[in-house]
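K.L.:
Please read through the structure below; I'll follow up with questions.
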Amino acid sequence: MTPTSISPPNDAFPGLTIRRFAPPLALADFKLIVFDMDSTLINIECIDEIADAVGKKTEVAVITEATMRGEIKDFKESLRQRVALLKGVPVDALQKVYDERLQLNPGAEQLVAACKAAGLKVLLVSGGFTFFANRVKDRLGIDFARSNLLDEADGKLTGVVVQQSWGDICDGPEKRRTLLEVASLLGISPQEAIAVGDGANDLPMMGEAGLSVAFHAKPKVREQAMVAINEGGLDRLLEVLR
C-alpha cells in the first residue's frame, strides 16, 4: 500500500490536516497501530503529575514541555533530570495520579476497538512509566507495551530509571526501534503500520510508519504528520480510514 502524493482540500475534514495521500485509506490494509501514551492516549504527562506530589510540578513541566517541543534534543538526559527530581516521592502517589488525574483521551477506546476489530495489533511505546503504561494496556486491551521503569526502595522512588532487557530509557530512537522490531516479528512492512503521537520524540517512529498521525500535537509534529488531528478525539482518524 503506497499513499498517493495527492492531498485533499482540508476543508473536507474540518479540524484535520491531511498531507501526501487522498483519503479514505482501508483500515484493514494496515496490520499494526503504534501509540504514544502521555498526551496521546491519555490526558496527562504522568511525570508532571507525580512531581506535583512533592511541589515540583512547575520545575518538571518546564523540562517536559521544552523536550516535547524538540528544544531539548537529548530525551534521555531530560528524563533522567526529571526523574531525579522525583526522589523521595511515595510510590502510593503513582496510584493517586492514576485514580484521580489520568483519563483516556476522547476517542481512544473507539479507535483502539476499531483497529482490533479490523485485525490490527496494537502497540504502546511510551517515554512514560510502566506503572501507568501497563494499566492503560490492560484497560484498552493493547497487545504490547514498552515504557520506562521507575526504581523504588522502602516505598519511595529513588530518582533513578531501571535498566530493562531492551535498554534503560524509551526515547525517540527506541520507539522507532520497537516499531520496527514488532513489525518484523509480525512479518509485516513498517509501511503497514500507523504511528500516533504528539511530541518530538514520536517523530522517529512516525517517520517509519506508512501513516503518521499527530494528535493535538506540538507544531513540529503537526507539520510533519500525514494526518494532524487538531480538533476532536482520536477516533477522528476513522474519518480517513474505512
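Here, A, B, ... name the chains of the C-alpha cells in the order displayed, residue numbers run from 1 inside each chain, and ligands are numbered from 1 in the same displayed order.
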Do a neighbour search on Val91 (chain A) at 8 Å with only C-alpha atoms, toss out local chain neighbours closer than 4 positions, and write the hits as a PyMOL selection string.

P.N.:
chain A and resi 95+152+155-157

K.L.:
So that I can see what lies close to region 235-237 of chain A, please list as a PyMOL selection string the residues with an atom at most 6 Å from it, counting only C-alpha atoms and leaving out residues fewer than 6 positions away in the same chain.

P.N.:
chain A and resi 107+110-111

K.L.:
Give me, as CSV, the closest atom pair and its distance (Å, one decimal) for every residue of region 200-233 of chain A within a cut-off of 10 Å of region 27-41 of chain A, counting only C-alpha atoms, rows sorted by chain and rising number.

P.N.:
```
residue,atom,partner,partner_atom,distance
A:Asn201,CA,A:Asp36,CA,9.4
A:Asp202,CA,A:Asp36,CA,7.1
A:Met205,CA,A:Val34,CA,8.6
A:Met206,CA,A:Val34,CA,9.0
A:Ala209,CA,A:Val34,CA,9.0
A:Gly210,CA,A:Phe30,CA,8.4
A:Leu211,CA,A:Phe30,CA,9.1
A:Ser212,CA,A:Val34,CA,9.7
A:Val213,CA,A:Phe35,CA,9.5
A:Ala214,CA,A:Thr40,CA,8.7
A:Phe215,CA,A:Thr40,CA,6.3
A:His216,CA,A:Thr40,CA,7.9
A:Ala217,CA,A:Thr40,CA,8.5
A:Gly233,CA,A:Thr40,CA,9.9
```

K.L.:
Go ahead and write the residues just picked, N, CA and C atoms, as a tab-separated table (two decimals), in the first residue's frame.

P.N.:
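The resulting file, part.tsv, is reproduced below:
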```tsv
chain	number	residue	atom	x	y	z
A	201	ASN	N	9.65	13.40	20.38
A	201	ASN	CA	10.25	12.06	20.48
A	201	ASN	C	9.40	10.99	19.79
A	202	ASP	N	8.26	11.38	19.23
A	202	ASP	CA	7.45	10.45	18.43
A	202	ASP	C	7.82	10.50	16.94
A	205	MET	N	9.52	7.29	15.09
A	205	MET	CA	8.64	6.17	14.73
A	205	MET	C	7.62	6.59	13.68
A	206	MET	N	7.18	7.85	13.74
A	206	MET	CA	6.23	8.33	12.74
A	206	MET	C	6.86	8.34	11.36
A	209	ALA	N	6.52	4.78	9.73
A	209	ALA	CA	5.20	4.21	9.52
A	209	ALA	C	4.62	4.58	8.16
A	210	GLY	N	3.73	3.74	7.67
A	210	GLY	CA	3.03	4.03	6.43
A	210	GLY	C	2.05	5.17	6.57
A	211	LEU	N	1.57	5.40	7.79
A	211	LEU	CA	0.67	6.52	8.06
A	211	LEU	C	1.07	7.13	9.40
A	212	SER	N	1.43	8.41	9.39
A	212	SER	CA	1.82	9.10	10.63
A	212	SER	C	0.70	10.05	11.04
A	213	VAL	N	0.40	10.04	12.35
A	213	VAL	CA	-0.75	10.80	12.86
A	213	VAL	C	-0.31	11.63	14.06
A	214	ALA	N	-0.57	12.93	14.00
A	214	ALA	CA	-0.30	13.84	15.11
A	214	ALA	C	-1.62	14.13	15.82
A	215	PHE	N	-1.63	13.96	17.13
A	215	PHE	CA	-2.86	14.21	17.89
A	215	PHE	C	-2.65	15.40	18.82
A	216	HIS	N	-3.37	16.52	18.53
A	216	HIS	CA	-3.24	17.75	19.32
A	216	HIS	C	-1.77	17.98	19.67
A	217	ALA	N	-0.95	17.98	18.64
A	217	ALA	CA	0.50	17.85	18.79
A	217	ALA	C	1.21	19.19	18.80
A	233	GLY	N	-11.53	14.05	18.95
A	233	GLY	CA	-10.87	12.93	19.59
A	233	GLY	C	-10.05	12.09	18.63
```

K.L.:
If you run DSSP on the backbone, which residues of region 21-53 of chain A are strand (DSSP E), as a list in words?

P.N.:
Leu32, Ile33, Val34 and Phe35 of chain A

K.L.:
So that I can check the secondary structure, give me every residue of region 158-192 of chain A assigned helix (DSSP H, G or I) by backbone DSSP, as JSON, numbers by chain.

P.N.:
{"A": [172, 173, 174, 175, 176, 177, 178, 179, 180, 181, 182, 183, 184, 185, 186, 190, 191, 192]}

K.L.:
Save out the residues we just selected, C-alpha atoms, as a PDB file, in the first residue's frame.

P.N.:
```pdb
ATOM      1  CA  GLY A 172      12.561   8.525  20.210  1.00  0.00           C
ATOM      2  CA  PRO A 173      15.119   6.111  18.701  1.00  0.00           C
ATOM      3  CA  GLU A 174      13.853   3.314  20.969  1.00  0.00           C
ATOM      4  CA  LYS A 175      10.266   3.989  19.896  1.00  0.00           C
ATOM      5  CA  ARG A 176      11.389   3.687  16.274  1.00  0.00           C
ATOM      6  CA  ARG A 177      13.344   0.518  17.012  1.00  0.00           C
ATOM      7  CA  THR A 178      10.367  -1.017  18.820  1.00  0.00           C
ATOM      8  CA  LEU A 179       8.014  -0.311  15.909  1.00  0.00           C
ATOM      9  CA  LEU A 180      10.488  -1.951  13.516  1.00  0.00           C
ATOM     10  CA  GLU A 181      11.040  -4.884  15.887  1.00  0.00           C
ATOM     11  CA  VAL A 182       7.331  -5.608  16.347  1.00  0.00           C
ATOM     12  CA  ALA A 183       6.684  -5.200  12.606  1.00  0.00           C
ATOM     13  CA  SER A 184       9.452  -7.717  11.924  1.00  0.00           C
ATOM     14  CA  LEU A 185       8.044 -10.181  14.448  1.00  0.00           C
ATOM     15  CA  LEU A 186       4.610  -9.837  12.833  1.00  0.00           C
ATOM     16  CA  PRO A 190       6.664  -0.733   8.501  1.00  0.00           C
ATOM     17  CA  GLN A 191       4.508   0.720   5.715  1.00  0.00           C
ATOM     18  CA  GLU A 192       1.696  -1.438   7.107  1.00  0.00           C
TER      19      GLU A 192
END
```

K.L.:
What does the distance from CA of Glu100 (chain A) to CA of Val54 (chain A) come to in Å, to one decimal?

P.N.:
16.2 Å

K.L.:
I want to know what sits within 9 Å of region 126-131 of chain A, based on only C-alpha atoms, with residues of the same chain fewer than 2 positions away left out; could you give that as a list in words?

P.N.:
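Contacts, with the query itself left out: Phe35, Asp36, Met37, Asp38, Glu45, Cys46, Ile47, Phe75, Leu79, Leu94, Gln95, Tyr98, Leu124, Ala133, Asn134, Arg135, Ala145, Arg146, Ser147, Asn148, Leu149, Leu150, Ile169, Cys170, Asp171, Gly172, Lys175 and Asn201 of chain A.
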
K.L.:
Can you write out the residues you just picked, keeping N, CA and C atoms, as a CSV table (one decimal), in the first residue's frame?

P.N.:
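Result file follows (part_19.csv):
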```csv
chain,number,residue,atom,x,y,z
A,35,PHE,N,1.0,3.6,19.4
A,35,PHE,CA,0.6,4.8,20.1
A,35,PHE,C,1.6,5.2,21.1
A,36,ASP,N,1.9,6.5,21.1
A,36,ASP,CA,2.5,7.2,22.3
A,36,ASP,C,1.4,7.2,23.4
A,37,MET,N,1.8,7.4,24.7
A,37,MET,CA,0.8,7.3,25.7
A,37,MET,C,0.5,8.7,26.3
A,38,ASP,N,1.5,9.4,26.9
A,38,ASP,CA,1.2,10.7,27.6
A,38,ASP,C,0.8,11.7,26.6
A,45,GLU,N,0.6,14.3,31.2
A,45,GLU,CA,2.0,13.9,31.3
A,45,GLU,C,2.3,13.4,32.7
A,46,CYS,N,2.4,12.1,32.8
A,46,CYS,CA,2.4,11.4,34.1
A,46,CYS,C,3.5,12.0,35.0
A,47,ILE,N,4.7,12.2,34.4
A,47,ILE,CA,5.8,12.7,35.3
A,47,ILE,C,5.5,14.0,35.9
A,75,PHE,N,16.5,13.4,24.9
A,75,PHE,CA,15.4,13.0,25.7
A,75,PHE,C,15.9,12.2,26.9
A,79,LEU,N,14.9,13.1,30.6
A,79,LEU,CA,14.1,12.3,31.5
A,79,LEU,C,14.9,12.0,32.8
A,94,LEU,N,1.8,7.4,42.8
A,94,LEU,CA,1.5,7.0,41.5
A,94,LEU,C,0.1,6.5,41.3
A,95,GLN,N,-0.4,5.7,42.3
A,95,GLN,CA,-1.7,5.2,42.3
A,95,GLN,C,-2.7,6.4,42.4
A,98,TYR,N,-3.0,8.0,39.0
A,98,TYR,CA,-3.8,7.1,38.1
A,98,TYR,C,-5.3,7.2,38.5
A,124,LEU,N,1.8,0.0,22.4
A,124,LEU,CA,2.0,1.3,23.1
A,124,LEU,C,3.5,1.4,23.4
A,133,ALA,N,1.6,2.7,32.0
A,133,ALA,CA,1.5,2.0,30.7
A,133,ALA,C,0.9,0.6,30.8
A,134,ASN,N,1.2,-0.1,31.8
A,134,ASN,CA,0.7,-1.5,32.0
A,134,ASN,C,-0.8,-1.4,32.3
A,135,ARG,N,-1.2,-0.4,33.0
A,135,ARG,CA,-2.6,-0.2,33.4
A,135,ARG,C,-3.4,0.2,32.2
A,145,ALA,N,3.4,-3.4,25.1
A,145,ALA,CA,3.7,-2.1,25.7
A,145,ALA,C,5.2,-2.1,26.0
A,146,ARG,N,5.8,-0.9,25.8
A,146,ARG,CA,7.2,-0.7,26.2
A,146,ARG,C,7.3,0.7,26.8
A,147,SER,N,7.9,0.8,28.0
A,147,SER,CA,8.0,2.1,28.7
A,147,SER,C,9.1,2.0,29.7
A,148,ASN,N,9.2,3.1,30.5
A,148,ASN,CA,10.3,3.2,31.4
A,148,ASN,C,9.9,2.7,32.8
A,149,LEU,N,10.8,2.1,33.6
A,149,LEU,CA,10.6,1.6,34.9
A,149,LEU,C,11.2,2.4,35.9
A,150,LEU,N,10.5,2.9,36.9
A,150,LEU,CA,11.0,3.7,38.0
A,150,LEU,C,11.5,2.9,39.1
A,169,ILE,N,16.1,3.6,28.7
A,169,ILE,CA,15.1,4.7,28.5
A,169,ILE,C,14.5,4.5,27.2
A,170,CYS,N,13.1,4.6,27.1
A,170,CYS,CA,12.4,4.5,25.9
A,170,CYS,C,12.3,6.0,25.3
A,171,ASP,N,13.2,6.3,24.4
A,171,ASP,CA,13.2,7.6,23.8
A,171,ASP,C,12.8,7.5,22.4
A,172,GLY,N,13.0,8.6,21.6
A,172,GLY,CA,12.6,8.5,20.2
A,172,GLY,C,13.2,7.4,19.4
A,175,LYS,N,11.6,4.1,20.4
A,175,LYS,CA,10.3,4.0,19.9
A,175,LYS,C,10.3,3.5,18.4
A,201,ASN,N,9.7,13.4,20.4
A,201,ASN,CA,10.2,12.1,20.5
A,201,ASN,C,9.4,11.0,19.8
```

K.L.:
Grab the CA of Met68 (chain A) to CA of Gly199 (chain A) distance for me, in Å with one decimal place.

P.N.:
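The value is 4.5 Å.
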
K.L.:
Fewer than 4 positions away in the same chain doesn't count, so skip those; otherwise give me all residues within 7 Å of Leu102 (chain A), counting only C-alpha atoms, as a VMD selection string.

P.N.:
chain A and resid 42 to 44 97 to 98

K.L.:
For the atom pair CA of Val227 (chain A) and CA of Thr17 (chain A), what is the interatomic distance in Å to one decimal place?

P.N.:
5.6 Å

K.L.:
Just want the 7 Å neighbourhood of Lys220 (chain A), counted on only C-alpha atoms, with same-chain residues fewer than 3 positions away dropped. Output as a PyMOL selection string.

P.N.:
chain A and resi 69+223-224
